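File shown: query.tsv. Contents: TSV, N, CA and C atoms.
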chain	number	residue	atom	x	y	z
A	14	MET	N	144.81	91.96	56.26
A	14	MET	CA	145.55	90.81	55.83
A	14	MET	C	144.84	90.20	54.64
A	15	LEU	N	145.56	89.84	53.63
A	15	LEU	CA	144.98	89.27	52.42
A	15	LEU	C	144.87	87.76	52.56
A	16	ALA	N	143.81	87.22	51.97
A	16	ALA	CA	143.63	85.77	51.98
A	16	ALA	C	144.50	85.15	50.90
A	17	PRO	N	145.05	83.96	51.15
A	17	PRO	CA	145.86	83.30	50.14
A	17	PRO	C	145.04	83.00	48.89
A	18	ARG	N	145.72	82.91	47.78
A	18	ARG	CA	145.06	82.66	46.51
A	18	ARG	C	144.32	81.32	46.57
A	19	GLY	N	143.09	81.33	46.08
A	19	GLY	CA	142.29	80.11	46.06
A	19	GLY	C	141.44	79.93	47.31
A	20	LEU	N	141.67	80.71	48.36
A	20	LEU	CA	140.90	80.61	49.58
A	20	LEU	C	139.95	81.80	49.63
A	21	GLN	N	138.67	81.54	49.63
A	21	GLN	CA	137.69	82.62	49.64
A	21	GLN	C	137.10	82.74	51.04
A	22	LEU	N	136.84	83.95	51.43
A	22	LEU	CA	136.22	84.20	52.72
A	22	LEU	C	134.72	83.99	52.60
A	23	ALA	N	134.12	83.45	53.64
A	23	ALA	CA	132.67	83.23	53.63
A	23	ALA	C	131.97	84.57	53.66
A	24	SER	N	130.92	84.70	52.87
A	24	SER	CA	130.19	85.95	52.81
A	24	SER	C	129.27	86.13	54.00
A	25	SER	N	128.86	85.04	54.62
A	25	SER	CA	128.01	85.15	55.80
A	25	SER	C	128.55	84.23	56.88
A	26	VAL	N	128.32	84.61	58.10
A	26	VAL	CA	128.80	83.84	59.23
A	26	VAL	C	127.71	82.84	59.60
A	27	THR	N	128.08	81.60	59.76
A	27	THR	CA	127.10	80.58	60.15
A	27	THR	C	127.28	80.23	61.61
A	28	ALA	N	126.24	79.69	62.19
A	28	ALA	CA	126.28	79.30	63.59
A	28	ALA	C	127.15	78.07	63.78
A	29	VAL	N	127.64	77.90	64.98
A	29	VAL	CA	128.46	76.73	65.29
A	29	VAL	C	127.62	75.47	65.12
A	30	ASP	N	126.42	75.50	65.63
A	30	ASP	CA	125.51	74.37	65.48
A	30	ASP	C	124.35	74.83	64.61
A	31	PRO	N	124.29	74.43	63.36
A	31	PRO	CA	123.24	74.94	62.47
A	31	PRO	C	121.85	74.49	62.86
A	32	LYS	N	121.73	73.49	63.75
A	32	LYS	CA	120.40	73.04	64.18
A	32	LYS	C	119.73	74.07	65.09
A	33	THR	N	120.54	74.80	65.83
A	33	THR	CA	119.97	75.79	66.74
A	33	THR	C	119.69	77.08	65.98
A	34	SER	N	118.68	77.75	66.41
A	34	SER	CA	118.28	78.99	65.76
A	34	SER	C	118.50	80.14	66.73
A	35	SER	N	118.96	81.25	66.22
A	35	SER	CA	119.16	82.42	67.07
A	35	SER	C	117.91	83.30	67.10
A	36	ASP	N	116.84	82.84	66.48
A	36	ASP	CA	115.59	83.59	66.50
A	36	ASP	C	114.87	83.35	67.82
A	37	TYR	N	114.34	84.41	68.37
A	37	TYR	CA	113.56	84.32	69.58
A	37	TYR	C	112.11	84.56	69.22
A	38	SER	N	111.23	83.90	69.94
A	38	SER	CA	109.83	84.19	69.74
A	38	SER	C	109.53	85.55	70.37
A	39	PHE	N	108.46	86.15	69.96
A	39	PHE	CA	108.10	87.47	70.47
A	39	PHE	C	107.89	87.43	71.98
A	40	ASP	N	107.27	86.35	72.47
A	40	ASP	CA	107.01	86.25	73.91
A	40	ASP	C	108.30	86.23	74.72
A	41	MET	N	109.27	85.46	74.26
A	41	MET	CA	110.53	85.38	74.99
A	41	MET	C	111.31	86.69	74.90
A	42	ALA	N	111.25	87.35	73.76
A	42	ALA	CA	111.92	88.63	73.61
A	42	ALA	C	111.28	89.67	74.53
A	43	LEU	N	109.96	89.63	74.63
A	43	LEU	CA	109.26	90.56	75.52
A	43	LEU	C	109.60	90.28	76.97
A	44	LEU	N	109.63	89.01	77.32
A	44	LEU	CA	109.99	88.63	78.69
A	44	LEU	C	111.41	89.07	79.03
A	45	ARG	N	112.33	88.88	78.10
A	45	ARG	CA	113.71	89.31	78.31
A	45	ARG	C	113.79	90.82	78.46
A	46	GLY	N	113.06	91.56	77.65
A	46	GLY	CA	113.06	93.02	77.74
A	46	GLY	C	112.50	93.51	79.07
A	47	VAL	N	111.40	92.89	79.51
A	47	VAL	CA	110.81	93.27	80.80
A	47	VAL	C	111.77	92.95	81.94
A	48	PHE	N	112.44	91.80	81.86
A	48	PHE	CA	113.42	91.44	82.89
A	48	PHE	C	114.54	92.47	82.96
A	49	TRP	N	115.12	92.85	81.82
A	49	TRP	CA	116.23	93.80	81.83
A	49	TRP	C	115.77	95.18	82.30
A	50	PHE	N	114.56	95.59	81.91
A	50	PHE	CA	114.05	96.88	82.38
A	50	PHE	C	113.85	96.86	83.89
A	51	GLY	N	113.29	95.77	84.41
A	51	GLY	CA	113.11	95.64	85.86
A	51	GLY	C	114.42	95.63	86.61
A	52	LEU	N	115.40	94.91	86.07
A	52	LEU	CA	116.72	94.87	86.70
A	52	LEU	C	117.37	96.25	86.69
A	53	PHE	N	117.23	96.97	85.58
A	53	PHE	CA	117.76	98.33	85.50
A	53	PHE	C	117.09	99.23	86.53
A	54	PHE	N	115.77	99.12	86.68
A	54	PHE	CA	115.05	99.93	87.65
A	54	PHE	C	115.50	99.63	89.08
A	55	VAL	N	115.63	98.36	89.41
A	55	VAL	CA	116.04	97.98	90.77
A	55	VAL	C	117.47	98.45	91.07
A	56	LEU	N	118.37	98.24	90.13
A	56	LEU	CA	119.75	98.67	90.37
A	56	LEU	C	119.88	100.19	90.43
A	57	THR	N	119.09	100.90	89.63
A	57	THR	CA	119.10	102.36	89.71
A	57	THR	C	118.57	102.83	91.05
A	58	PHE	N	117.50	102.19	91.53
A	58	PHE	CA	116.94	102.52	92.84
A	58	PHE	C	117.99	102.31	93.93
A	59	CYS	N	118.67	101.16	93.88
A	59	CYS	CA	119.71	100.88	94.89
A	59	CYS	C	120.85	101.89	94.81
A	60	PHE	N	121.25	102.28	93.60
A	60	PHE	CA	122.32	103.26	93.46
A	60	PHE	C	121.91	104.60	94.06
A	61	VAL	N	120.70	105.03	93.79
A	61	VAL	CA	120.23	106.31	94.33
A	61	VAL	C	120.20	106.27	95.84
A	62	VAL	N	119.69	105.18	96.40
A	62	VAL	CA	119.62	105.06	97.86
A	62	VAL	C	121.03	105.05	98.47
A	63	LEU	N	121.94	104.30	97.87
A	63	LEU	CA	123.31	104.28	98.38
A	63	LEU	C	123.98	105.65	98.26
A	64	PHE	N	123.72	106.34	97.18
A	64	PHE	CA	124.33	107.65	96.98
A	64	PHE	C	123.78	108.67	97.96
A	65	GLU	N	122.47	108.63	98.19
A	65	GLU	CA	121.84	109.62	99.07
A	65	GLU	C	122.05	109.31	100.56
A	66	TYR	N	121.95	108.04	100.96
A	66	TYR	CA	121.94	107.70	102.37
A	66	TYR	C	123.19	106.96	102.85
A	67	GLY	N	123.94	106.38	101.94
A	67	GLY	CA	125.13	105.63	102.34
A	67	GLY	C	124.78	104.21	102.72
A	68	PRO	N	125.80	103.37	102.88
A	68	PRO	CA	125.53	101.95	103.18
A	68	PRO	C	125.00	101.71	104.59
A	69	ARG	N	125.29	102.59	105.52
A	69	ARG	CA	124.83	102.36	106.90
A	69	ARG	C	123.34	102.64	107.06
A	70	GLU	N	122.81	103.54	106.27
A	70	GLU	CA	121.39	103.89	106.35
A	70	GLU	C	120.61	103.38	105.14
A	71	PHE	N	121.10	102.28	104.55
A	71	PHE	CA	120.48	101.79	103.31
A	71	PHE	C	119.03	101.36	103.53
A	72	THR	N	118.75	100.61	104.58
A	72	THR	CA	117.39	100.10	104.78
A	72	THR	C	116.40	101.22	105.07
A	73	ASN	N	116.80	102.16	105.94
A	73	ASN	CA	115.92	103.30	106.22
A	73	ASN	C	115.76	104.17	104.98
A	74	GLY	N	116.83	104.38	104.25
A	74	GLY	CA	116.77	105.18	103.03
A	74	GLY	C	115.92	104.52	101.97
A	75	ALA	N	116.01	103.20	101.85
A	75	ALA	CA	115.19	102.48	100.87
A	75	ALA	C	113.72	102.60	101.21
A	76	GLN	N	113.39	102.52	102.49
A	76	GLN	CA	111.99	102.68	102.89
A	76	GLN	C	111.49	104.08	102.59
A	77	LYS	N	112.31	105.09	102.86
A	77	LYS	CA	111.91	106.48	102.59
A	77	LYS	C	111.73	106.72	101.09
A	78	GLU	N	112.68	106.24	100.29
A	78	GLU	CA	112.58	106.44	98.84
A	78	GLU	C	111.40	105.68	98.25
A	79	TYR	N	111.14	104.47	98.75
A	79	TYR	CA	109.99	103.70	98.28
A	79	TYR	C	108.69	104.45	98.60
A	80	ALA	N	108.60	105.00	99.81
A	80	ALA	CA	107.41	105.77	100.17
A	80	ALA	C	107.28	107.00	99.30
A	81	ARG	N	108.39	107.64	98.97
A	81	ARG	CA	108.36	108.82	98.11
A	81	ARG	C	107.89	108.46	96.70
A	82	ILE	N	108.42	107.39	96.15
A	82	ILE	CA	108.01	106.95	94.80
A	82	ILE	C	106.55	106.53	94.80
A	83	ARG	N	106.13	105.83	95.84
A	83	ARG	CA	104.73	105.40	95.93
A	83	ARG	C	103.78	106.59	96.01
A	84	SER	N	104.13	107.61	96.78
A	84	SER	CA	103.26	108.78	96.90
A	84	SER	C	103.15	109.53	95.58
A	85	VAL	N	104.26	109.60	94.85
A	85	VAL	CA	104.21	110.26	93.53
A	85	VAL	C	103.32	109.48	92.58
A	86	LEU	N	103.45	108.16	92.58
A	86	LEU	CA	102.62	107.35	91.69
A	86	LEU	C	101.14	107.43	92.05
A	87	VAL	N	100.83	107.41	93.35
A	87	VAL	CA	99.44	107.52	93.78
A	87	VAL	C	98.86	108.87	93.38
A	88	LYS	N	99.65	109.92	93.53
A	88	LYS	CA	99.21	111.25	93.15
A	88	LYS	C	98.93	111.32	91.64
A	89	GLN	N	99.82	110.74	90.84
A	89	GLN	CA	99.63	110.75	89.39
A	89	GLN	C	98.42	109.92	88.99
A	90	MET	N	98.21	108.80	89.64
A	90	MET	CA	97.03	107.97	89.34
A	90	MET	C	95.75	108.71	89.70
A	91	GLY	N	95.78	109.49	90.77
A	91	GLY	CA	94.61	110.29	91.14
A	91	GLY	C	94.30	111.32	90.07
A	92	LYS	N	95.32	111.94	89.49
A	92	LYS	CA	95.12	112.91	88.42
A	92	LYS	C	94.54	112.23	87.19
A	93	ILE	N	94.99	111.03	86.89
A	93	ILE	CA	94.47	110.30	85.73
A	93	ILE	C	93.01	109.93	85.96
A	94	GLY	N	92.69	109.49	87.18
A	94	GLY	CA	91.31	109.14	87.51
A	94	GLY	C	90.37	110.33	87.42
A	95	LYS	N	90.83	111.50	87.89
A	95	LYS	CA	90.01	112.71	87.80
A	95	LYS	C	89.81	113.14	86.35
A	96	ALA	N	90.86	113.07	85.57
A	96	ALA	CA	90.74	113.45	84.15
A	96	ALA	C	89.82	112.50	83.41
A	97	LYS	N	89.82	111.25	83.75
A	97	LYS	CA	88.95	110.27	83.09
A	97	LYS	C	87.50	110.49	83.48
A	98	ASN	N	87.24	110.88	84.75
A	98	ASN	CA	85.86	111.13	85.20
A	98	ASN	C	85.29	112.40	84.61
A	99	GLU	N	86.13	113.35	84.22
A	99	GLU	CA	85.66	114.63	83.67
A	99	GLU	C	85.23	114.50	82.22
A	100	ARG	N	85.54	113.43	81.56
A	100	ARG	CA	85.18	113.26	80.14
A	100	ARG	C	83.73	113.10	79.95

Whole structure given in structure tokens:
Amino acid sequence: MLAPRGLQLASSVTAVDPKTSSDYSFDMALLRGVFWFGLFFVLTFCFVVLFEYGPREFTNGAQKEYARIRSVLVKQMGKIGKAKNER
């Protein structure tokens, strides 16, 4: 659609309230990123448990999956500790 003669379109979009800034400090941006990553991890964990065990066995399945994830992490940390001691 063409603009009527004499009416120019703004080249940049301005905020509704120019006093407010859309800039975030690094700390707040980092906090927001960590929050979204954590939420993604929790929801993915819940989806996997629901998919594997169903809603009736959710609590038992969550405990089993948590134990499985914990054992993998402990095993990986042990490998890192051994590699660090060999240096």

Subject >> Point-to-point distance from CA of Met90 in chain A to atom C of Glu78 in chain A, Å rounded to tenths >> reply: 17.1 Å

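Taking CA of Glu65 in chain A as the reference point, CA of Arg81 in chain A is found at 13.5 Å.
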
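What separates atom N of Gly91 in chain A from atom N of Tyr79 in chain A is a distance of 18.0 Å.
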
**OP:** Please provide as an MDAnalysis selection string all residues within 6.5 Å of Val62 in chain A, with the sequence filter that same-chain residues fewer than 3 positions apart are discarded (counting only N, CA and C atoms).
**Re:** chainID A and resid 57:59 65:67 71 74:75
